[in-house]
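Visitor: My structure is below; once you've seen it, I'll send some questions.
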Amino acid sequence: MKRTFLLTAALLSVATVSSFADALFFTVTATPYDKQMARIRPVLTAPGGTSSSSLSLSIVNHWMGDLRSIPYGFTAMWKTPAEAESGAPADCKAKAVALYEKMRANGATNVRLIIGKRTSSSRRTHAWLGCEMQNISYVLDPTFIWKVCTASQIGSRNYQPLYAYAGKKKFRAASTLVAQN
C-alpha cells in the first residue's frame with residue numbers, strides 16, 4: 001500500500017514537472033555519487049556567507065561567463081573550485097561546484113547542485129545548479145549557458161534532475177523513483 005502511494009504521488013508530481021524548479025525532491029541519506037564527491041564535500045557543506053538580497057543576476061551572469069569561458073575537459077574526479085578556476089580544462093561538475101561555492105559565499109541560501117540529464121535524450125549525466133532568488137526559480141549552467149535562465153525558459157524536456165545536494169542535505173528527484181519502479 002505504501003509503495004503504491006509513493007508511486008502514485010511520484011507519477012503525479014512527474015506529470016506536472018516542467019523543469020528542475022517544479023521537481024519534487026525527497027531527502028535521502030545516500031546517493032550513488034557520494035563516494036566520488038568526497039573531494040568537494042567541504043565545498044558543499046561550508047557555511048554560506050551572510051544572506052544577502054543584493055546578489056544580483058548580473059553578478060551571477062558574470063560568474064557564469066567566466067566559468068563558461070574555461071575550456072571543457074572531462075575528468076572522472078570532481079575538481080575543487082580552485083582547480084576548476086586554475087585555467088586547466090574543467091567539466092560540468094567542476095564548473096557547477098565552482099559556481100555553487102561563489103553563490104553560497106555571497107549569500108545565496110536556496111541553491112542546489114543538481115546531477116541529472118541535460119536533455120531527455122542525453123546518455124550521460126550532467127551537473128548544474130538550481131537556485132531561487134526573489135521567488136523565481138533559475139537554472140544556472142556554466143557549461144552550456146552564458147546567462148541565468150528562468151526555469152520556464154528551459155522547457156520540459158531539458159534539465160531533468162536525478163539527485164541534488166544543498167549543504168549537508170542530499171536529495172533524490174521523484175522522477176528517479178518512478179524510473180526505478
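Following the order of the C-alpha cells, first chain is A, next is B, and so on, with residues numbered from 1 inside each chain and ligands from 1 in the order they appear.
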Please run DSSP on the backbone and report, as a PyMOL selection string, all residues within chain A that come out as helix (DSSP H, G or I).
Guide: chain A and resi 2-15+20-22+38-45+57-68+81-84+92-105+151-154+174-180
Visitor: Applying 10 Å and only C-alpha atoms, which residues near Ala76 of chain A remain after dropping the ones on its own chain fewer than 6 positions away? List them as a PyMOL selection string.
Guide: chain A and resi 36+91+93
Visitor: Create the file for the chosen residues now, containing N, CA and C atoms and written as a PDB file, in the first residue's frame.
Guide:
ATOM      1  N   GLN A  36      32.423   9.428  -4.890  1.00  0.00           N
ATOM      2  CA  GLN A  36      33.259  10.235  -5.786  1.00  0.00           C
ATOM      3  C   GLN A  36      33.226  11.721  -5.455  1.00  0.00           C
ATOM      4  N   ASP A  91      35.219  20.306 -16.438  1.00  0.00           N
ATOM      5  CA  ASP A  91      33.960  19.772 -16.952  1.00  0.00           C
ATOM      6  C   ASP A  91      32.768  20.376 -16.215  1.00  0.00           C
ATOM      7  N   LYS A  93      30.919  19.249 -13.871  1.00  0.00           N
ATOM      8  CA  LYS A  93      30.963  19.080 -12.417  1.00  0.00           C
ATOM      9  C   LYS A  93      31.802  20.178 -11.780  1.00  0.00           C
TER      10      LYS A  93
END
Visitor: Determine, counting only C-alpha atoms, which protein, DNA and RNA residues have an atom within 12 Å of an atom of Leu67 of chain A; residues of the same chain fewer than 4 positions away are not included. Present the result as JSON, numbers by chain.
Guide: {"A": [60, 61, 62, 63, 71, 72, 81, 82, 83, 84, 85, 86, 87, 88, 89, 90, 91, 92, 93, 94, 95, 96, 97, 98, 99, 100, 102, 140, 141, 142, 143, 144, 145, 146, 147]}
Visitor: From the DSSP assignment of the backbone, select every residue of chain A that is strand (DSSP E or B), and format the answer as a PyMOL selection string.
Guide: chain A and resi 25-28+72+90+111-119+126-133+136-140+149-150+158-166+169-173
Visitor: Export N, CA and C atoms of the chosen residues as a compact mmCIF listing (two decimals), in the first residue's frame?
Guide:
# COMPACT_ATOMS: atom_id res chain seq x y z
N PHE A 25 11.62 16.73 -4.78
CA PHE A 25 12.81 16.08 -4.24
C PHE A 25 12.49 15.45 -2.90
N PHE A 26 13.06 14.28 -2.68
CA PHE A 26 12.95 13.59 -1.41
C PHE A 26 14.33 13.58 -0.75
N THR A 27 14.39 13.87 0.52
CA THR A 27 15.65 13.81 1.25
C THR A 27 16.08 12.35 1.37
N VAL A 28 17.35 12.09 1.11
CA VAL A 28 17.90 10.73 1.22
C VAL A 28 19.18 10.79 2.04
N TYR A 72 36.40 23.18 -21.93
CA TYR A 72 35.81 21.96 -21.39
C TYR A 72 36.81 20.82 -21.47
N ALA A 90 38.04 22.18 -17.55
CA ALA A 90 37.15 21.75 -16.48
C ALA A 90 35.85 21.25 -17.10
N VAL A 111 20.19 27.33 -3.03
CA VAL A 111 20.91 26.89 -4.22
C VAL A 111 21.23 25.40 -4.06
N ARG A 112 21.08 24.66 -5.14
CA ARG A 112 21.35 23.22 -5.12
C ARG A 112 22.26 22.84 -6.28
N LEU A 113 23.20 21.95 -5.99
CA LEU A 113 23.99 21.31 -7.03
C LEU A 113 23.15 20.13 -7.51
N ILE A 114 22.89 20.08 -8.80
CA ILE A 114 22.00 19.05 -9.34
C ILE A 114 22.76 18.18 -10.34
N ILE A 115 22.50 16.89 -10.25
CA ILE A 115 23.01 15.93 -11.23
C ILE A 115 21.80 15.33 -11.91
N GLY A 116 21.81 15.36 -13.22
CA GLY A 116 20.67 14.82 -13.95
C GLY A 116 20.96 14.74 -15.43
N LYS A 117 19.91 14.82 -16.22
CA LYS A 117 20.03 14.76 -17.68
C LYS A 117 19.78 16.16 -18.24
N ARG A 118 20.68 16.62 -19.07
CA ARG A 118 20.52 17.96 -19.67
C ARG A 118 19.36 17.97 -20.66
N THR A 119 19.20 16.90 -21.41
CA THR A 119 18.05 16.75 -22.30
C THR A 119 17.45 15.37 -22.05
N HIS A 126 24.73 15.13 -16.29
CA HIS A 126 25.25 16.49 -16.37
C HIS A 126 25.07 17.14 -15.00
N ALA A 127 25.88 18.12 -14.68
CA ALA A 127 25.76 18.84 -13.40
C ALA A 127 25.50 20.32 -13.67
N TRP A 128 24.59 20.90 -12.88
CA TRP A 128 24.24 22.32 -12.97
C TRP A 128 23.70 22.75 -11.62
N LEU A 129 23.31 24.00 -11.51
CA LEU A 129 22.72 24.49 -10.27
C LEU A 129 21.27 24.88 -10.49
N GLY A 130 20.50 24.70 -9.45
CA GLY A 130 19.15 25.25 -9.38
C GLY A 130 19.16 26.26 -8.25
N CYS A 131 18.51 27.36 -8.44
CA CYS A 131 18.54 28.42 -7.44
C CYS A 131 17.22 29.18 -7.45
N GLU A 132 16.81 29.61 -6.28
CA GLU A 132 15.68 30.51 -6.19
C GLU A 132 16.17 31.83 -5.62
N MET A 133 15.84 32.89 -6.35
CA MET A 133 16.16 34.24 -5.89
C MET A 133 14.94 35.09 -6.16
N ILE A 136 11.84 33.46 -7.72
CA ILE A 136 11.89 32.98 -9.09
C ILE A 136 12.92 31.85 -9.14
N SER A 137 12.56 30.76 -9.82
CA SER A 137 13.45 29.60 -9.95
C SER A 137 14.33 29.77 -11.19
N TYR A 138 15.62 29.52 -11.00
CA TYR A 138 16.59 29.69 -12.08
C TYR A 138 17.38 28.42 -12.32
N VAL A 139 17.84 28.26 -13.55
CA VAL A 139 18.79 27.23 -13.94
C VAL A 139 20.10 27.94 -14.20
N LEU A 140 21.15 27.46 -13.55
CA LEU A 140 22.49 28.04 -13.71
C LEU A 140 23.41 26.94 -14.24
N CYS A 149 19.02 31.57 -16.63
CA CYS A 149 17.73 31.33 -17.29
C CYS A 149 16.69 31.00 -16.23
N THR A 150 15.48 31.47 -16.45
CA THR A 150 14.41 31.05 -15.56
C THR A 150 14.05 29.61 -15.92
N ASN A 158 14.24 19.48 -20.90
CA ASN A 158 15.63 19.80 -20.57
C ASN A 158 15.82 19.91 -19.06
N TYR A 159 17.04 19.64 -18.64
CA TYR A 159 17.44 19.78 -17.23
C TYR A 159 16.52 18.99 -16.31
N GLN A 160 16.59 17.68 -16.48
CA GLN A 160 15.79 16.77 -15.68
C GLN A 160 16.65 16.22 -14.55
N PRO A 161 16.34 16.58 -13.30
CA PRO A 161 17.18 16.19 -12.17
C PRO A 161 17.05 14.72 -11.79
N LEU A 162 18.14 14.18 -11.29
CA LEU A 162 18.14 12.86 -10.68
C LEU A 162 18.44 12.97 -9.19
N TYR A 163 19.52 13.72 -8.88
CA TYR A 163 19.95 13.93 -7.49
C TYR A 163 20.33 15.39 -7.30
N ALA A 164 20.27 15.83 -6.04
CA ALA A 164 20.66 17.21 -5.74
C ALA A 164 21.33 17.26 -4.37
N TYR A 165 22.14 18.28 -4.19
CA TYR A 165 22.86 18.50 -2.93
C TYR A 165 22.72 19.96 -2.54
N ALA A 166 22.45 20.18 -1.28
CA ALA A 166 22.37 21.54 -0.75
C ALA A 166 22.91 21.49 0.67
N LYS A 169 22.57 18.34 3.03
CA LYS A 169 21.42 17.57 2.61
C LYS A 169 21.62 16.98 1.21
N LYS A 170 21.07 15.77 1.05
CA LYS A 170 21.10 15.07 -0.23
C LYS A 170 19.66 14.78 -0.62
N PHE A 171 19.40 14.85 -1.93
CA PHE A 171 18.04 14.67 -2.42
C PHE A 171 18.01 13.73 -3.61
N ARG A 172 16.89 13.08 -3.77
CA ARG A 172 16.62 12.25 -4.93
C ARG A 172 15.35 12.79 -5.58
N ALA A 173 15.39 12.97 -6.87
CA ALA A 173 14.22 13.50 -7.57
C ALA A 173 13.16 12.43 -7.71
Visitor: Go through A:Thr75, A:Thr45, A:Gln153, A:Thr29 one by one, measure the shortest atom-to-atom distance of each to Lys168 of chain A using only C-alpha atoms, and give the residue with the smallest value.
Guide: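 The closest residue to Lys168 of chain A is A:Thr45.
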Visitor: Give me, please, the distance in Å between atom CA of Thr50 of chain A and atom CA of Ala105 of chain A, quoted to one decimal.
Guide: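 These two atoms are separated by 7.7 Å.
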Visitor: Could you please determine the separation between atom CA of Ile154 of chain A and atom CA of Ala174 of chain A in Å, to one decimal place?
Guide: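 Atom CA of Ala174 of chain A lies 19.1 Å from atom CA of Ile154 of chain A.
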Visitor: Counting only C-alpha atoms, what is within 8 Å of Ile40 of chain A, bar same-chain residues fewer than 3 positions away, as a ChimeraX atom specification?
Guide: /A:37,43-44,78-80,97
Visitor: Write the residues you've just listed into a file as a short mmCIF file (atom, residue, chain, number, x, y, z; two decimals), in the first residue's frame, and include all heavy atoms for each of them.
Guide:
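And here's out.cif as it stands now:
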data_model
loop_
_atom_site.label_atom_id
_atom_site.label_comp_id
_atom_site.auth_asym_id
_atom_site.auth_seq_id
_atom_site.Cartn_x
_atom_site.Cartn_y
_atom_site.Cartn_z
N MET A 37 32.22 12.15 -4.69
CA MET A 37 32.11 13.56 -4.33
C MET A 37 32.86 13.91 -3.05
O MET A 37 32.80 15.06 -2.61
CB MET A 37 30.64 13.95 -4.19
CG MET A 37 29.91 13.91 -5.52
SD MET A 37 28.19 14.34 -5.36
CE MET A 37 28.32 16.08 -5.03
N VAL A 43 33.18 21.85 0.16
CA VAL A 43 32.59 22.99 -0.54
C VAL A 43 31.08 23.00 -0.35
O VAL A 43 30.48 24.04 -0.06
CB VAL A 43 32.94 22.95 -2.05
CG1 VAL A 43 32.22 24.06 -2.81
CG2 VAL A 43 34.44 23.04 -2.26
N LEU A 44 30.47 21.84 -0.48
CA LEU A 44 29.02 21.74 -0.34
C LEU A 44 28.54 22.06 1.07
O LEU A 44 27.48 22.64 1.25
CB LEU A 44 28.54 20.35 -0.74
CG LEU A 44 28.73 19.95 -2.19
CD1 LEU A 44 28.30 18.50 -2.40
CD2 LEU A 44 27.96 20.87 -3.11
N TRP A 78 35.94 14.70 -9.28
CA TRP A 78 35.34 16.02 -9.05
C TRP A 78 36.46 16.98 -8.67
O TRP A 78 37.19 16.74 -7.70
CB TRP A 78 34.31 15.95 -7.93
CG TRP A 78 33.04 15.28 -8.33
CD1 TRP A 78 32.85 13.94 -8.54
CD2 TRP A 78 31.79 15.91 -8.57
NE1 TRP A 78 31.56 13.71 -8.90
CE2 TRP A 78 30.87 14.90 -8.91
CE3 TRP A 78 31.35 17.22 -8.51
CZ2 TRP A 78 29.55 15.15 -9.21
CZ3 TRP A 78 30.02 17.48 -8.80
CH2 TRP A 78 29.13 16.46 -9.15
N LYS A 79 36.61 18.07 -9.40
CA LYS A 79 37.61 19.07 -9.10
C LYS A 79 37.08 20.06 -8.07
O LYS A 79 35.89 20.34 -8.02
CB LYS A 79 37.99 19.86 -10.36
CG LYS A 79 38.80 19.08 -11.35
CD LYS A 79 39.21 19.98 -12.51
CE LYS A 79 40.14 19.27 -13.45
NZ LYS A 79 40.62 20.17 -14.52
N THR A 80 37.99 20.62 -7.29
CA THR A 80 37.63 21.68 -6.36
C THR A 80 37.46 22.98 -7.16
O THR A 80 37.96 23.08 -8.29
CB THR A 80 38.72 21.89 -5.31
OG1 THR A 80 39.91 22.35 -5.97
CG2 THR A 80 39.01 20.60 -4.53
N VAL A 97 30.34 23.19 -9.36
CA VAL A 97 30.80 23.30 -7.97
C VAL A 97 31.44 24.66 -7.71
O VAL A 97 31.23 25.27 -6.67
CB VAL A 97 31.76 22.14 -7.61
CG1 VAL A 97 32.43 22.36 -6.27
CG2 VAL A 97 31.01 20.82 -7.62
#
